[in-house]
$ cat upload_4.cif   # mmCIF, N, CA and C atoms
data_protein
loop_
_atom_site.label_atom_id
_atom_site.label_comp_id
_atom_site.auth_asym_id
_atom_site.auth_seq_id
_atom_site.Cartn_x
_atom_site.Cartn_y
_atom_site.Cartn_z
N LYS A 1 64.94 162.38 99.19
CA LYS A 1 64.89 162.55 100.64
C LYS A 1 64.98 161.19 101.31
N LEU A 2 65.72 161.13 102.39
CA LEU A 2 65.89 159.90 103.14
C LEU A 2 65.02 159.93 104.39
N THR A 3 64.55 158.75 104.77
CA THR A 3 63.86 158.65 106.05
C THR A 3 64.91 158.81 107.16
N PRO A 4 64.48 159.06 108.39
CA PRO A 4 65.46 159.16 109.47
C PRO A 4 66.33 157.90 109.60
N GLU A 5 65.74 156.71 109.42
CA GLU A 5 66.51 155.48 109.50
C GLU A 5 67.51 155.38 108.35
N GLN A 6 67.10 155.73 107.15
CA GLN A 6 68.00 155.70 106.00
C GLN A 6 69.16 156.67 106.20
N TYR A 7 68.86 157.85 106.72
CA TYR A 7 69.91 158.84 106.96
C TYR A 7 70.91 158.32 107.99
N ALA A 8 70.39 157.71 109.07
CA ALA A 8 71.27 157.18 110.12
C ALA A 8 72.22 156.12 109.56
N VAL A 9 71.73 155.27 108.68
CA VAL A 9 72.56 154.20 108.11
C VAL A 9 73.47 154.76 107.01
N LEU A 10 72.89 155.37 106.00
CA LEU A 10 73.67 155.81 104.83
C LEU A 10 74.65 156.93 105.13
N ARG A 11 74.29 157.86 105.98
CA ARG A 11 75.13 159.04 106.20
C ARG A 11 75.87 159.02 107.54
N SER A 12 75.33 158.30 108.55
CA SER A 12 75.98 158.26 109.87
C SER A 12 76.53 156.89 110.22
N LYS A 13 76.47 155.96 109.27
CA LYS A 13 77.05 154.61 109.40
C LYS A 13 76.48 153.79 110.55
N GLU A 14 75.20 153.98 110.83
CA GLU A 14 74.51 153.16 111.82
C GLU A 14 74.18 151.80 111.19
N THR A 15 73.66 150.88 112.02
CA THR A 15 73.24 149.57 111.54
C THR A 15 71.83 149.29 112.04
N GLU A 16 70.96 148.82 111.14
CA GLU A 16 69.62 148.46 111.56
C GLU A 16 69.67 147.13 112.32
N ALA A 17 68.69 146.91 113.17
CA ALA A 17 68.64 145.66 113.94
C ALA A 17 68.39 144.48 113.00
N PRO A 18 68.99 143.33 113.29
CA PRO A 18 68.76 142.16 112.44
C PRO A 18 67.31 141.72 112.46
N PHE A 19 66.86 141.14 111.37
CA PHE A 19 65.52 140.59 111.19
C PHE A 19 64.43 141.66 111.25
N THR A 20 64.79 142.94 111.05
CA THR A 20 63.80 144.01 111.09
C THR A 20 63.64 144.72 109.76
N GLY A 21 64.64 144.63 108.88
CA GLY A 21 64.62 145.36 107.63
C GLY A 21 63.68 144.75 106.60
N GLU A 22 63.28 145.56 105.67
CA GLU A 22 62.31 145.18 104.64
C GLU A 22 62.79 144.03 103.75
N TYR A 23 64.08 143.92 103.50
CA TYR A 23 64.57 142.98 102.49
C TYR A 23 65.31 141.76 103.02
N TRP A 24 65.42 141.58 104.31
CA TRP A 24 66.22 140.45 104.81
C TRP A 24 65.65 139.11 104.37
N ASN A 25 64.35 139.02 104.18
CA ASN A 25 63.71 137.76 103.77
C ASN A 25 62.97 137.92 102.44
N GLU A 26 63.43 138.84 101.62
CA GLU A 26 62.80 139.13 100.33
C GLU A 26 63.34 138.18 99.25
N HIS A 27 62.43 137.67 98.41
CA HIS A 27 62.84 136.72 97.37
C HIS A 27 62.42 137.17 95.96
N THR A 28 61.94 138.39 95.83
CA THR A 28 61.51 138.93 94.55
C THR A 28 62.71 139.19 93.65
N GLU A 29 62.58 138.87 92.36
CA GLU A 29 63.65 139.12 91.41
C GLU A 29 63.70 140.60 91.05
N GLY A 30 64.91 141.09 90.90
CA GLY A 30 65.07 142.48 90.51
C GLY A 30 66.45 143.00 90.82
N MET A 31 66.58 144.32 90.82
CA MET A 31 67.85 145.00 91.07
C MET A 31 67.73 145.80 92.36
N TYR A 32 68.70 145.58 93.24
CA TYR A 32 68.77 146.36 94.47
C TYR A 32 69.61 147.60 94.19
N ARG A 33 69.02 148.76 94.47
CA ARG A 33 69.66 150.05 94.20
C ARG A 33 69.95 150.77 95.51
N CYS A 34 70.90 151.69 95.46
CA CYS A 34 71.22 152.51 96.62
C CYS A 34 70.03 153.42 96.93
N ALA A 35 69.60 153.42 98.19
CA ALA A 35 68.48 154.28 98.59
C ALA A 35 68.89 155.75 98.62
N GLY A 36 70.19 156.01 98.61
CA GLY A 36 70.67 157.38 98.65
C GLY A 36 70.77 158.05 97.30
N CYS A 37 71.12 157.27 96.26
CA CYS A 37 71.34 157.89 94.95
C CYS A 37 70.74 157.11 93.78
N GLY A 38 70.27 155.90 94.02
CA GLY A 38 69.65 155.12 92.96
C GLY A 38 70.59 154.25 92.14
N ALA A 39 71.87 154.25 92.48
CA ALA A 39 72.83 153.44 91.72
C ALA A 39 72.52 151.95 91.85
N GLU A 40 72.70 151.21 90.76
CA GLU A 40 72.54 149.76 90.80
C GLU A 40 73.66 149.16 91.63
N LEU A 41 73.29 148.29 92.62
CA LEU A 41 74.29 147.70 93.50
C LEU A 41 74.36 146.18 93.42
N PHE A 42 73.21 145.51 93.56
CA PHE A 42 73.17 144.06 93.67
C PHE A 42 72.03 143.48 92.85
N ASP A 43 72.31 142.46 92.05
CA ASP A 43 71.27 141.73 91.35
C ASP A 43 70.68 140.72 92.32
N SER A 44 69.38 140.52 92.28
CA SER A 44 68.71 139.59 93.20
C SER A 44 69.24 138.17 93.06
N HIS A 45 69.82 137.83 91.91
CA HIS A 45 70.35 136.47 91.71
C HIS A 45 71.59 136.20 92.57
N THR A 46 72.19 137.26 93.12
CA THR A 46 73.36 137.08 93.98
C THR A 46 72.97 137.07 95.46
N LYS A 47 71.68 137.21 95.75
CA LYS A 47 71.19 137.24 97.14
C LYS A 47 71.07 135.82 97.67
N PHE A 48 71.42 135.64 98.95
CA PHE A 48 71.27 134.33 99.58
C PHE A 48 70.92 134.51 101.05
N ASP A 49 70.39 133.46 101.66
CA ASP A 49 70.01 133.49 103.07
C ASP A 49 71.22 133.12 103.91
N SER A 50 71.77 134.10 104.60
CA SER A 50 72.94 133.87 105.44
C SER A 50 72.56 133.53 106.88
N GLY A 51 71.27 133.69 107.22
CA GLY A 51 70.82 133.41 108.57
C GLY A 51 71.16 134.52 109.56
N THR A 52 71.67 135.65 109.05
CA THR A 52 72.10 136.74 109.93
C THR A 52 71.01 137.76 110.22
N GLY A 53 69.97 137.81 109.40
CA GLY A 53 68.91 138.80 109.59
C GLY A 53 69.09 140.05 108.76
N TRP A 54 70.12 140.08 107.90
CA TRP A 54 70.33 141.19 106.98
C TRP A 54 70.38 140.62 105.57
N PRO A 55 70.00 141.40 104.57
CA PRO A 55 70.16 140.94 103.19
C PRO A 55 71.63 140.63 102.92
N SER A 56 71.89 139.49 102.31
CA SER A 56 73.26 139.08 102.01
C SER A 56 73.38 138.77 100.53
N PHE A 57 74.48 139.22 99.95
CA PHE A 57 74.74 139.05 98.53
C PHE A 57 76.14 138.49 98.36
N SER A 58 76.33 137.67 97.34
CA SER A 58 77.65 137.08 97.09
C SER A 58 78.55 138.01 96.26
N GLU A 59 77.97 138.97 95.56
CA GLU A 59 78.76 139.91 94.78
C GLU A 59 77.96 141.16 94.48
N ALA A 60 78.67 142.24 94.22
CA ALA A 60 78.06 143.51 93.83
C ALA A 60 78.24 143.70 92.33
N LYS A 61 77.48 144.62 91.77
CA LYS A 61 77.67 145.00 90.37
C LYS A 61 79.10 145.56 90.24
N PRO A 62 79.80 145.25 89.16
CA PRO A 62 81.17 145.74 89.00
C PRO A 62 81.25 147.27 89.14
N GLY A 63 82.15 147.71 90.03
CA GLY A 63 82.37 149.13 90.25
C GLY A 63 81.34 149.84 91.10
N ALA A 64 80.32 149.14 91.57
CA ALA A 64 79.24 149.78 92.31
C ALA A 64 79.54 150.01 93.79
N VAL A 65 80.42 149.18 94.36
CA VAL A 65 80.71 149.24 95.78
C VAL A 65 82.21 149.40 95.97
N VAL A 66 82.59 150.31 96.87
CA VAL A 66 83.98 150.46 97.24
C VAL A 66 84.14 150.00 98.69
N PHE A 67 85.37 149.70 99.06
CA PHE A 67 85.64 149.11 100.37
C PHE A 67 86.52 150.05 101.19
N GLU A 68 86.18 150.15 102.48
CA GLU A 68 86.95 150.97 103.41
C GLU A 68 87.19 150.17 104.67
N HIS A 69 88.32 150.42 105.31
CA HIS A 69 88.61 149.75 106.57
C HIS A 69 87.74 150.36 107.67
N ASP A 70 87.17 149.51 108.51
CA ASP A 70 86.31 149.94 109.62
C ASP A 70 86.82 149.30 110.90
N ALA A 71 87.35 150.13 111.80
CA ALA A 71 87.88 149.64 113.07
C ALA A 71 87.00 150.04 114.25
N THR A 72 85.74 150.39 113.98
CA THR A 72 84.84 150.79 115.06
C THR A 72 84.42 149.59 115.90
N HIS A 73 83.96 149.86 117.10
CA HIS A 73 83.44 148.84 118.02
C HIS A 73 84.47 147.76 118.33
N GLY A 74 85.75 148.12 118.26
CA GLY A 74 86.80 147.18 118.60
C GLY A 74 87.00 146.05 117.60
N MET A 75 86.47 146.20 116.38
CA MET A 75 86.58 145.17 115.37
C MET A 75 87.35 145.68 114.16
N ASN A 76 87.92 144.78 113.40
CA ASN A 76 88.52 145.11 112.10
C ASN A 76 87.63 144.50 111.03
N ARG A 77 86.91 145.38 110.33
CA ARG A 77 85.97 144.91 109.31
C ARG A 77 86.20 145.69 108.02
N THR A 78 85.57 145.20 106.97
CA THR A 78 85.60 145.90 105.68
C THR A 78 84.21 146.48 105.45
N GLU A 79 84.15 147.79 105.36
CA GLU A 79 82.89 148.49 105.13
C GLU A 79 82.59 148.51 103.64
N ALA A 80 81.33 148.30 103.28
CA ALA A 80 80.85 148.42 101.90
C ALA A 80 80.18 149.78 101.75
N VAL A 81 80.65 150.54 100.77
CA VAL A 81 80.19 151.90 100.55
C VAL A 81 79.75 152.06 99.10
N CYS A 82 78.66 152.78 98.88
CA CYS A 82 78.21 153.05 97.52
C CYS A 82 79.28 153.88 96.80
N ALA A 83 79.73 153.40 95.64
CA ALA A 83 80.77 154.09 94.89
C ALA A 83 80.29 155.42 94.34
N LYS A 84 78.99 155.58 94.14
CA LYS A 84 78.47 156.81 93.54
C LYS A 84 78.28 157.93 94.57
N CYS A 85 77.65 157.62 95.72
CA CYS A 85 77.33 158.69 96.68
C CYS A 85 78.08 158.57 98.01
N GLY A 86 78.82 157.49 98.21
CA GLY A 86 79.57 157.33 99.45
C GLY A 86 78.74 156.86 100.63
N GLY A 87 77.52 156.45 100.39
CA GLY A 87 76.64 155.99 101.46
C GLY A 87 77.09 154.66 102.06
N HIS A 88 77.02 154.56 103.39
CA HIS A 88 77.33 153.30 104.09
C HIS A 88 76.23 152.29 103.78
N LEU A 89 76.64 151.12 103.28
CA LEU A 89 75.70 150.06 102.95
C LEU A 89 75.70 148.96 103.99
N GLY A 90 76.87 148.61 104.48
CA GLY A 90 77.03 147.50 105.42
C GLY A 90 78.48 147.08 105.44
N HIS A 91 78.71 145.77 105.51
CA HIS A 91 80.08 145.24 105.59
C HIS A 91 80.22 144.01 104.69
N VAL A 92 81.47 143.67 104.39
CA VAL A 92 81.77 142.50 103.58
C VAL A 92 82.61 141.53 104.41
N PHE A 93 82.21 140.27 104.39
CA PHE A 93 82.89 139.22 105.15
C PHE A 93 83.30 138.09 104.21
N ASP A 94 84.24 137.28 104.67
CA ASP A 94 84.74 136.16 103.87
C ASP A 94 84.08 134.83 104.25
N ASP A 95 82.84 134.86 104.68
CA ASP A 95 82.15 133.63 105.09
C ASP A 95 80.93 133.33 104.23
N GLY A 96 80.95 133.81 102.99
CA GLY A 96 79.85 133.55 102.07
C GLY A 96 80.01 132.20 101.39
N PRO A 97 79.07 131.85 100.52
CA PRO A 97 79.11 130.57 99.82
C PRO A 97 80.38 130.42 98.97
N GLU A 98 81.14 129.38 99.21
CA GLU A 98 82.40 129.19 98.48
C GLU A 98 82.17 129.03 96.99
N GLU A 99 81.05 128.38 96.61
CA GLU A 99 80.78 128.18 95.19
C GLU A 99 80.45 129.50 94.47
N LYS A 100 80.21 130.58 95.25
CA LYS A 100 79.93 131.89 94.67
C LYS A 100 81.04 132.89 94.96
N GLY A 101 82.22 132.41 95.35
CA GLY A 101 83.35 133.30 95.57
C GLY A 101 83.71 133.54 97.02
N GLY A 102 82.88 133.09 97.95
CA GLY A 102 83.21 133.18 99.37
C GLY A 102 82.93 134.50 100.06
N LYS A 103 82.39 135.48 99.35
CA LYS A 103 82.09 136.77 99.96
C LYS A 103 80.65 136.83 100.45
N ARG A 104 80.45 137.59 101.53
CA ARG A 104 79.10 137.89 102.02
C ARG A 104 78.99 139.39 102.22
N PHE A 105 78.28 140.03 101.31
CA PHE A 105 77.97 141.44 101.46
C PHE A 105 76.76 141.51 102.39
N CYS A 106 76.98 141.92 103.61
CA CYS A 106 75.94 142.01 104.65
C CYS A 106 75.45 143.46 104.64
N ILE A 107 74.26 143.68 104.09
CA ILE A 107 73.79 145.02 103.75
C ILE A 107 72.53 145.38 104.53
N ASN A 108 72.45 146.62 104.98
CA ASN A 108 71.26 147.12 105.66
C ASN A 108 70.12 147.29 104.66
N SER A 109 68.96 146.76 104.99
CA SER A 109 67.80 146.89 104.10
C SER A 109 67.49 148.34 103.78
N CYS A 110 67.57 149.21 104.78
CA CYS A 110 67.16 150.60 104.55
C CYS A 110 68.14 151.35 103.67
N ALA A 111 69.30 150.77 103.36
CA ALA A 111 70.24 151.39 102.42
C ALA A 111 69.89 151.01 100.98
N LEU A 112 68.85 150.18 100.80
CA LEU A 112 68.50 149.65 99.49
C LEU A 112 67.07 149.99 99.09
N ASN A 113 66.85 150.00 97.81
CA ASN A 113 65.50 150.01 97.22
C ASN A 113 65.50 148.91 96.17
N LEU A 114 64.49 148.06 96.18
CA LEU A 114 64.38 146.98 95.22
C LEU A 114 63.54 147.42 94.03
N GLU A 115 64.14 147.35 92.85
CA GLU A 115 63.43 147.59 91.60
C GLU A 115 63.07 146.23 91.04
N GLU A 116 61.81 145.86 91.16
CA GLU A 116 61.37 144.52 90.73
C GLU A 116 61.44 144.39 89.21
N LYS A 117 61.73 143.13 88.76
CA LYS A 117 61.76 142.86 87.31
C LYS A 117 60.36 142.86 86.78
#
$ encode --input "upload_4.cif" --output "structure tokens"
Amino acid sequence: KLTPEQYAVLRSKETEAPFTGEYWNEHTEGMYRCAGCGAELFDSHTKFDSGTGWPSFSEAKPGAVVFEHDATHGMNRTEAVCAKCGGHLGHVFDDGPEEKGGKRFCINSCALNLEEK
């Protein structure tokens, strides 16, 4: 079961407000899983502080995230979607750390559950 906020993000493609989510400033080691289906998405070692107020990762687990074009709100963005359940996770941008591939997976905290090591 999803909370109302999780449902709004994962199923209705809403976005949580920056600096409000549980994981934006989290530094615990572990695996970030989809809150909708439990699929492994991001290892904590790929997490970095982007200064945006949302959890940011330089890469996803292979095959865990699929990409869709998002033209809402007058923008052209790449949406990050859980490959297993189709849940909206956030967006992917090309302004991440160059030494880690240059990607920034900007993900809503409520779309994630952290499984600590």
$ closest_residue --input "upload_4.cif" --among "A:Gly53, A:Glu99, A:Lys84, A:Gly38" --to "Glu16 in chain A" --atoms "all atoms listed in the file"
A:Gly53
$ atom_distance --input "upload_4.cif" --atom1 "atom C of Glu14 in chain A" --atom2 "atom C of Lys61 in chain A"
22.4 Å
$ select_by_dssp --input "upload_4.cif" --residues "chain A" --states "helix (DSSP H, G or I)" --output "ChimeraX atom specification"
/A:4-10,44-46,72-74,98-100,109-111
$ write_last_selection --input "upload_4.cif" --atoms "N, CA and C atoms" --output "PDB file, keeping the file's coordinate frame"
ATOM      1  N   PRO A   4      64.480 159.060 108.390  1.00  0.00           N
ATOM      2  CA  PRO A   4      65.460 159.160 109.470  1.00  0.00           C
ATOM      3  C   PRO A   4      66.330 157.900 109.600  1.00  0.00           C
ATOM      4  N   GLU A   5      65.740 156.710 109.420  1.00  0.00           N
ATOM      5  CA  GLU A   5      66.510 155.480 109.500  1.00  0.00           C
ATOM      6  C   GLU A   5      67.510 155.380 108.350  1.00  0.00           C
ATOM      7  N   GLN A   6      67.100 155.730 107.150  1.00  0.00           N
ATOM      8  CA  GLN A   6      68.000 155.700 106.000  1.00  0.00           C
ATOM      9  C   GLN A   6      69.160 156.670 106.200  1.00  0.00           C
ATOM     10  N   TYR A   7      68.860 157.850 106.720  1.00  0.00           N
ATOM     11  CA  TYR A   7      69.910 158.840 106.960  1.00  0.00           C
ATOM     12  C   TYR A   7      70.910 158.320 107.990  1.00  0.00           C
ATOM     13  N   ALA A   8      70.390 157.710 109.070  1.00  0.00           N
ATOM     14  CA  ALA A   8      71.270 157.180 110.120  1.00  0.00           C
ATOM     15  C   ALA A   8      72.220 156.120 109.560  1.00  0.00           C
ATOM     16  N   VAL A   9      71.730 155.270 108.680  1.00  0.00           N
ATOM     17  CA  VAL A   9      72.560 154.200 108.110  1.00  0.00           C
ATOM     18  C   VAL A   9      73.470 154.760 107.010  1.00  0.00           C
ATOM     19  N   LEU A  10      72.890 155.370 106.000  1.00  0.00           N
ATOM     20  CA  LEU A  10      73.670 155.810 104.830  1.00  0.00           C
ATOM     21  C   LEU A  10      74.650 156.930 105.130  1.00  0.00           C
ATOM     22  N   SER A  44      69.380 140.520  92.280  1.00  0.00           N
ATOM     23  CA  SER A  44      68.710 139.590  93.200  1.00  0.00           C
ATOM     24  C   SER A  44      69.240 138.170  93.060  1.00  0.00           C
ATOM     25  N   HIS A  45      69.820 137.830  91.910  1.00  0.00           N
ATOM     26  CA  HIS A  45      70.350 136.470  91.710  1.00  0.00           C
ATOM     27  C   HIS A  45      71.590 136.200  92.570  1.00  0.00           C
ATOM     28  N   THR A  46      72.190 137.260  93.120  1.00  0.00           N
ATOM     29  CA  THR A  46      73.360 137.080  93.980  1.00  0.00           C
ATOM     30  C   THR A  46      72.970 137.070  95.460  1.00  0.00           C
ATOM     31  N   THR A  72      85.740 150.390 113.980  1.00  0.00           N
ATOM     32  CA  THR A  72      84.840 150.790 115.060  1.00  0.00           C
ATOM     33  C   THR A  72      84.420 149.590 115.900  1.00  0.00           C
ATOM     34  N   HIS A  73      83.960 149.860 117.100  1.00  0.00           N
ATOM     35  CA  HIS A  73      83.440 148.840 118.020  1.00  0.00           C
ATOM     36  C   HIS A  73      84.470 147.760 118.330  1.00  0.00           C
ATOM     37  N   GLY A  74      85.750 148.120 118.260  1.00  0.00           N
ATOM     38  CA  GLY A  74      86.800 147.180 118.600  1.00  0.00           C
ATOM     39  C   GLY A  74      87.000 146.050 117.600  1.00  0.00           C
ATOM     40  N   GLU A  98      81.140 129.380  99.210  1.00  0.00           N
ATOM     41  CA  GLU A  98      82.400 129.190  98.480  1.00  0.00           C
ATOM     42  C   GLU A  98      82.170 129.030  96.990  1.00  0.00           C
ATOM     43  N   GLU A  99      81.050 128.380  96.610  1.00  0.00           N
ATOM     44  CA  GLU A  99      80.780 128.180  95.190  1.00  0.00           C
ATOM     45  C   GLU A  99      80.450 129.500  94.470  1.00  0.00           C
ATOM     46  N   LYS A 100      80.210 130.580  95.250  1.00  0.00           N
ATOM     47  CA  LYS A 100      79.930 131.890  94.670  1.00  0.00           C
ATOM     48  C   LYS A 100      81.040 132.890  94.960  1.00  0.00           C
ATOM     49  N   SER A 109      68.960 146.760 104.990  1.00  0.00           N
ATOM     50  CA  SER A 109      67.800 146.890 104.100  1.00  0.00           C
ATOM     51  C   SER A 109      67.490 148.340 103.780  1.00  0.00           C
ATOM     52  N   CYS A 110      67.570 149.210 104.780  1.00  0.00           N
ATOM     53  CA  CYS A 110      67.160 150.600 104.550  1.00  0.00           C
ATOM     54  C   CYS A 110      68.140 151.350 103.670  1.00  0.00           C
ATOM     55  N   ALA A 111      69.300 150.770 103.360  1.00  0.00           N
ATOM     56  CA  ALA A 111      70.240 151.390 102.420  1.00  0.00           C
ATOM     57  C   ALA A 111      69.890 151.010 100.980  1.00  0.00           C
TER      58      ALA A 111
END
$ resolve_selection --input "upload_4.cif" --expression "the PyMOL selection byres ((chain A and resi 80) around 5)" --output "PyMOL selection string"
chain A and resi 66+78-79+81-82+89-92
$ closest_residue --input "upload_4.cif" --among "A:Glu26, A:Ile107, A:Lys100, A:Thr20" --to "His88 in chain A" --atoms "all atoms listed in the file"
A:Ile107
$ resolve_selection --input "upload_4.cif" --expression "the PyMOL selection byres ((chain A and resi 43) around 8)" --output "list in words"
Glu29, Gly30, Met31, Tyr32, Arg33, Glu40, Leu41, Phe42, Ser44, His45, Thr46, Lys47, Phe57, Glu59, Ala60 and Lys61 of chain A
$ resolve_selection --input "upload_4.cif" --expression "the PyMOL selection byres ((chain A and resi 6) around 8)" --output "list in words"
Lys1, Leu2, Thr3, Pro4, Glu5, Tyr7, Ala8, Val9, Leu10, Arg11, Ser12, Lys13, Ala35, Gly36, Ser109, Cys110, Ala111 and Leu112 of chain A
$ atom_distance --input "upload_4.cif" --atom1 "atom N of Leu114 in chain A" --atom2 "atom N of Thr72 in chain A"
27.8 Å
$ select_by_dssp --input "upload_4.cif" --residues "range 16-64 of chain A" --states "strand (DSSP E)" --output "list of chain:residue names"
A:Gly30, A:Met31, A:Tyr32, A:Arg33, A:Cys34, A:Glu40, A:Leu41, A:Phe42, A:Asp43, A:Lys47, A:Phe48, A:Ser56, A:Phe57
$ closest_residue --input "upload_4.cif" --among "A:Asp94, A:Cys34, A:Asn108, A:Pro62" --to "Ala17 in chain A" --atoms "all atoms listed in the file"
A:Asn108
